[in-house]
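Trainee: My structure is in my_file.pdb, and what it holds is PDB, C-alpha atoms:
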```pdb
ATOM      1  CA  MET A   1       0.000   0.000   0.000
ATOM      2  CA  GLU A   2       1.393   3.354  -1.019
ATOM      3  CA  ARG A   3       1.325   6.317   1.377
ATOM      4  CA  LYS A   4      -0.046   9.581   0.113
ATOM      5  CA  ILE A   5       0.588  13.109   1.255
ATOM      6  CA  PRO A   6      -1.782  14.059   4.107
ATOM      7  CA  GLN A   7      -4.556  16.479   3.149
ATOM      8  CA  SER A   8      -6.953  18.517   5.175
ATOM      9  CA  VAL A   9     -10.610  17.562   5.194
ATOM     10  CA  GLY A  10     -11.449  20.810   3.405
ATOM     11  CA  ASP A  11      -9.042  19.983   0.564
ATOM     12  CA  VAL A  12     -10.480  16.497   0.227
ATOM     13  CA  LEU A  13     -14.045  17.879   0.057
ATOM     14  CA  ARG A  14     -13.048  20.527  -2.523
ATOM     15  CA  ASN A  15     -11.449  17.842  -4.677
ATOM     16  CA  LEU A  16     -14.552  15.682  -4.361
ATOM     17  CA  LEU A  17     -16.826  18.571  -5.372
ATOM     18  CA  ASP A  18     -14.641  19.345  -8.384
ATOM     19  CA  GLU A  19     -14.420  15.733  -9.520
ATOM     20  CA  THR A  20     -18.152  15.061  -9.201
ATOM     21  CA  SER A  21     -19.184  18.475 -10.614
ATOM     22  CA  LEU A  22     -21.298  19.207  -7.540
ATOM     23  CA  GLN A  23     -19.728  22.654  -7.164
ATOM     24  CA  GLY A  24     -22.213  24.154  -9.642
ATOM     25  CA  ARG A  25     -25.166  22.842  -7.645
ATOM     26  CA  MET A  26     -23.622  24.129  -4.412
ATOM     27  CA  ASP A  27     -23.239  27.577  -6.006
ATOM     28  CA  GLU A  28     -26.917  27.524  -7.038
ATOM     29  CA  LEU A  29     -27.949  26.715  -3.459
ATOM     30  CA  LYS A  30     -25.803  29.581  -2.161
ATOM     31  CA  ALA A  31     -27.464  31.925  -4.669
ATOM     32  CA  ALA A  32     -30.927  30.935  -3.429
ATOM     33  CA  ASP A  33     -29.835  31.561   0.167
ATOM     34  CA  LEU A  34     -28.732  35.115  -0.766
ATOM     35  CA  TRP A  35     -32.251  36.185  -1.814
ATOM     36  CA  PRO A  36     -33.249  37.740   1.565
ATOM     37  CA  SER A  37     -30.043  39.769   1.736
ATOM     38  CA  VAL A  38     -30.612  41.082  -1.806
ATOM     39  CA  VAL A  39     -34.242  42.207  -1.440
ATOM     40  CA  GLY A  40     -34.474  42.579   2.337
ATOM     41  CA  SER A  41     -36.217  40.424   4.899
ATOM     42  CA  GLN A  42     -39.608  42.129   4.583
ATOM     43  CA  ILE A  43     -39.894  41.519   0.842
ATOM     44  CA  ALA A  44     -38.356  38.042   1.130
ATOM     45  CA  SER A  45     -41.039  37.113   3.676
ATOM     46  CA  GLN A  46     -43.698  37.811   1.008
ATOM     47  CA  CYS A  47     -41.977  35.448  -1.473
ATOM     48  CA  ARG A  48     -41.685  31.701  -1.631
ATOM     49  CA  LYS A  49     -38.232  30.153  -1.262
ATOM     50  CA  PRO A  50     -36.216  30.628  -4.470
ATOM     51  CA  VAL A  51     -35.290  27.594  -6.546
ATOM     52  CA  VAL A  52     -32.260  27.712  -8.852
ATOM     53  CA  ARG A  53     -31.751  25.268 -11.715
ATOM     54  CA  ASN A  54     -29.334  25.669 -14.606
ATOM     55  CA  GLY A  55     -28.701  29.338 -13.842
ATOM     56  CA  ILE A  56     -32.393  30.299 -13.654
ATOM     57  CA  MET A  57     -33.764  31.444 -10.302
ATOM     58  CA  SER A  58     -37.528  30.967  -9.949
ATOM     59  CA  ILE A  59     -39.352  32.756  -7.158
ATOM     60  CA  GLY A  60     -43.037  32.458  -6.339
ATOM     61  CA  ILE A  61     -44.660  35.795  -5.545
ATOM     62  CA  PRO A  62     -48.422  35.842  -4.922
ATOM     63  CA  ASN A  63     -48.703  39.654  -4.926
ATOM     64  CA  ALA A  64     -48.997  40.962  -8.525
ATOM     65  CA  SER A  65     -47.792  44.487  -7.773
ATOM     66  CA  LEU A  66     -44.684  43.223  -5.947
ATOM     67  CA  ARG A  67     -44.013  40.752  -8.761
ATOM     68  CA  ASN A  68     -44.215  43.589 -11.300
ATOM     69  CA  GLU A  69     -41.880  45.832  -9.264
ATOM     70  CA  LEU A  70     -39.299  43.058  -8.844
ATOM     71  CA  HIS A  71     -39.526  42.185 -12.536
ATOM     72  CA  PHE A  72     -38.302  45.658 -13.488
ATOM     73  CA  ASN A  73     -35.306  45.362 -11.130
ATOM     74  CA  ARG A  74     -34.257  41.797 -11.945
ATOM     75  CA  SER A  75     -31.139  42.681 -13.968
ATOM     76  CA  ARG A  76     -29.805  44.651 -11.003
ATOM     77  CA  MET A  77     -30.620  41.765  -8.641
ATOM     78  CA  ILE A  78     -28.832  39.291 -10.935
ATOM     79  CA  ALA A  79     -25.735  41.486 -10.879
ATOM     80  CA  ILE A  80     -25.855  41.791  -7.065
ATOM     81  CA  ILE A  81     -26.194  38.026  -6.531
ATOM     82  CA  ASN A  82     -23.390  37.214  -8.963
ATOM     83  CA  ASP A  83     -21.157  39.856  -7.358
ATOM     84  CA  MET A  84     -21.815  38.386  -3.914
ATOM     85  CA  LEU A  85     -20.904  34.909  -5.200
ATOM     86  CA  GLY A  86     -17.863  36.139  -7.088
ATOM     87  CA  LYS A  87     -18.879  34.370 -10.297
ATOM     88  CA  LYS A  88     -21.726  34.296 -12.797
ATOM     89  CA  ILE A  89     -24.154  31.715 -11.471
ATOM     90  CA  ILE A  90     -27.527  33.388 -12.084
ATOM     91  CA  GLN A  91     -28.375  34.192 -15.694
ATOM     92  CA  GLU A  92     -32.099  34.856 -15.316
ATOM     93  CA  ILE A  93     -34.702  35.440 -12.603
ATOM     94  CA  LYS A  94     -38.308  34.385 -13.176
ATOM     95  CA  PHE A  95     -41.139  35.540 -10.959
ATOM     96  CA  VAL A  96     -44.161  33.262 -10.882
ATOM     97  CA  SER A  97     -47.514  33.548  -9.169
TER      98      SER A  97
END
```
Give the structure from this file in structure tokens form.
Mentor:
Amino acid sequence: MERKIPQSVGDVLRNLLDETSLQGRMDELKAADLWPSVVGSQIASQCRKPVVRNGIMSIGIPNASLRNELHFNRSRMIAIINDMLGKKIIQEIKFVS
């Protein structure tokens, strides 16, 4: 049996994420968790939990006027989320009723 160089647990997990391509999914989950800090807790409380798949964030909003207001600001919100993550994860935001 051959000895290998010791690695930290964090390094082993990073390697595992890279090899299994789970890093993209982890980034999408982080993006969804950033929603309250982007729009504020009061607005986030009126929305359903965001779901991110393949770079598209979908958010359920039952209030039509709030949905319309957020729709006009979505490009700015995409930029904020991607800046907070340090890479382009979100390409589009969809607001659904």
Trainee: Find the residues near Ser37 of chain A: any atom within 10 Å, counting all atoms listed in the file, skip ones fewer than 6 places away on the same chain, and give them as a PyMOL selection string.
Mentor: chain A and resi 44+80-81
Trainee: Write a file of the just-selected residues containing C-alpha atoms, as a short mmCIF file (atom, residue, chain, number, x, y, z; two decimals), in the frame of the given file.
Mentor:
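Once everything was written out, this is selection_13.cif:
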```cif
data_model
loop_
_atom_site.label_atom_id
_atom_site.label_comp_id
_atom_site.auth_asym_id
_atom_site.auth_seq_id
_atom_site.Cartn_x
_atom_site.Cartn_y
_atom_site.Cartn_z
CA ALA A 44 -38.36 38.04 1.13
CA ILE A 80 -25.86 41.79 -7.06
CA ILE A 81 -26.19 38.03 -6.53
#
```
Trainee: Between A:Lys4, A:Val9, A:Glu19, A:Arg25, single out the one closest to Asn54 of chain A, counting all atoms listed in the file.
Mentor: A:Arg25
Trainee: When the PyMOL selection byres ((chain A and resi 57) around 8) is applied to the file above, which residues end up in the set, as a list of chain:residue names?
Mentor: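 Applying the PyMOL selection byres ((chain A and resi 57) around 8) to the structure shown produces A:Ala32, A:Pro50, A:Val51, A:Val52, A:Arg53, A:Gly55, A:Ile56, A:Ser58, A:Ile59, A:Ile90, A:Glu92, A:Ile93, A:Lys94.
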Trainee: Tell me which residues the PyMOL selection byres ((chain A and resi 66) around 12) grabs here, as number ranges by chain.
Mentor: A: 39, 42-47, 59-65, 67-73, 95-97
Trainee: Using atom CA of Ile89 of chain A and atom CA of Val12 of chain A as the two end points, give the distance in Å to one decimal.
Mentor: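 Interatomic distance here is 23.6 Å.
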Trainee: How many Å separate atom CA of Leu85 of chain A from atom CA of Gln7 of chain A?
Mentor: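 For atom CA of Leu85 of chain A relative to atom CA of Gln7 of chain A, the distance reads 26.0 Å.
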Trainee: Atom CA of Arg76 of chain A and atom CA of Asp18 of chain A are how many Å apart?
Mentor: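 Atom CA of Arg76 of chain A sits 29.6 Å away from atom CA of Asp18 of chain A.
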Trainee: Taking all listed atoms of segment 51-68 of chain A, build the axis-aligned box, pad each of the six sides by 6 Å, then write its centre and edge lengths in Å to one decimal as JSON.
Mentor:
```
{"center_x": -38.8, "center_y": 34.9, "center_z": -9.8, "size_x": 32.3, "size_y": 31.2, "size_z": 21.7}
```
Trainee: Have a look at A:Leu17, A:Leu22, A:Ala31, A:Ile5 and name the one nearest to Lys88 of chain A; count all atoms listed in the file.
Mentor: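 Nearest candidate to Lys88 of chain A out of A:Leu17, A:Leu22, A:Ala31, A:Ile5: A:Ala31.
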Trainee: Using all atoms listed in the file, find the one residue out of A:Lys49, A:Arg74, A:Ala79, A:Arg14 that sits nearest to Leu29 of chain A.
Mentor: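 Nearest candidate to Leu29 of chain A out of A:Lys49, A:Arg74, A:Ala79, A:Arg14: A:Lys49.
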Trainee: Would you save segment 58-74 of chain A to a file, keeping N, CA and C atoms, as an mmCIF file, in the first residue's frame?
Mentor:
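File written: decode-v7.cif
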```
data_model
loop_
_atom_site.group_PDB
_atom_site.id
_atom_site.type_symbol
_atom_site.label_atom_id
_atom_site.label_comp_id
_atom_site.auth_asym_id
_atom_site.auth_seq_id
_atom_site.Cartn_x
_atom_site.Cartn_y
_atom_site.Cartn_z
ATOM 1 N N SER A 58 -36.071 30.816 -9.912
ATOM 2 C CA SER A 58 -37.528 30.967 -9.949
ATOM 3 C C SER A 58 -38.026 31.266 -8.551
ATOM 4 N N ILE A 59 -38.858 32.318 -8.457
ATOM 5 C CA ILE A 59 -39.352 32.756 -7.158
ATOM 6 C C ILE A 59 -40.858 32.947 -7.259
ATOM 7 N N GLY A 60 -41.590 32.307 -6.385
ATOM 8 C CA GLY A 60 -43.037 32.458 -6.339
ATOM 9 C C GLY A 60 -43.412 33.700 -5.551
ATOM 10 N N ILE A 61 -44.211 34.567 -6.192
ATOM 11 C CA ILE A 61 -44.660 35.795 -5.545
ATOM 12 C C ILE A 61 -46.165 35.939 -5.785
ATOM 13 N N PRO A 62 -46.967 35.785 -4.743
ATOM 14 C CA PRO A 62 -48.422 35.842 -4.922
ATOM 15 C C PRO A 62 -48.965 37.254 -5.185
ATOM 16 N N ASN A 63 -48.252 38.271 -4.792
ATOM 17 C CA ASN A 63 -48.703 39.654 -4.926
ATOM 18 C C ASN A 63 -48.288 40.191 -6.305
ATOM 19 N N ALA A 64 -49.267 40.532 -7.151
ATOM 20 C CA ALA A 64 -48.997 40.962 -8.525
ATOM 21 C C ALA A 64 -48.200 42.266 -8.583
ATOM 22 N N SER A 65 -48.510 43.212 -7.718
ATOM 23 C CA SER A 65 -47.792 44.487 -7.773
ATOM 24 C C SER A 65 -46.323 44.321 -7.352
ATOM 25 N N LEU A 66 -46.068 43.491 -6.358
ATOM 26 C CA LEU A 66 -44.684 43.223 -5.947
ATOM 27 C C LEU A 66 -43.948 42.477 -7.057
ATOM 28 N N ARG A 67 -44.616 41.508 -7.667
ATOM 29 C CA ARG A 67 -44.013 40.752 -8.761
ATOM 30 C C ARG A 67 -43.617 41.686 -9.907
ATOM 31 N N ASN A 68 -44.488 42.626 -10.239
ATOM 32 C CA ASN A 68 -44.215 43.589 -11.300
ATOM 33 C C ASN A 68 -43.024 44.485 -10.944
ATOM 34 N N GLU A 69 -42.981 44.965 -9.719
ATOM 35 C CA GLU A 69 -41.880 45.832 -9.264
ATOM 36 C C GLU A 69 -40.545 45.087 -9.308
ATOM 37 N N LEU A 70 -40.527 43.847 -8.834
ATOM 38 C CA LEU A 70 -39.299 43.058 -8.844
ATOM 39 C C LEU A 70 -38.865 42.720 -10.270
ATOM 40 N N HIS A 71 -39.837 42.512 -11.140
ATOM 41 C CA HIS A 71 -39.526 42.185 -12.536
ATOM 42 C C HIS A 71 -38.695 43.293 -13.188
ATOM 43 N N PHE A 72 -39.023 44.542 -12.896
ATOM 44 C CA PHE A 72 -38.302 45.658 -13.488
ATOM 45 C C PHE A 72 -36.890 45.817 -12.922
ATOM 46 N N ASN A 73 -36.628 45.247 -11.767
ATOM 47 C CA ASN A 73 -35.306 45.362 -11.130
ATOM 48 C C ASN A 73 -34.488 44.075 -11.196
ATOM 49 N N ARG A 74 -34.919 43.107 -11.973
ATOM 50 C CA ARG A 74 -34.257 41.797 -11.945
ATOM 51 C C ARG A 74 -32.827 41.830 -12.475
#
```
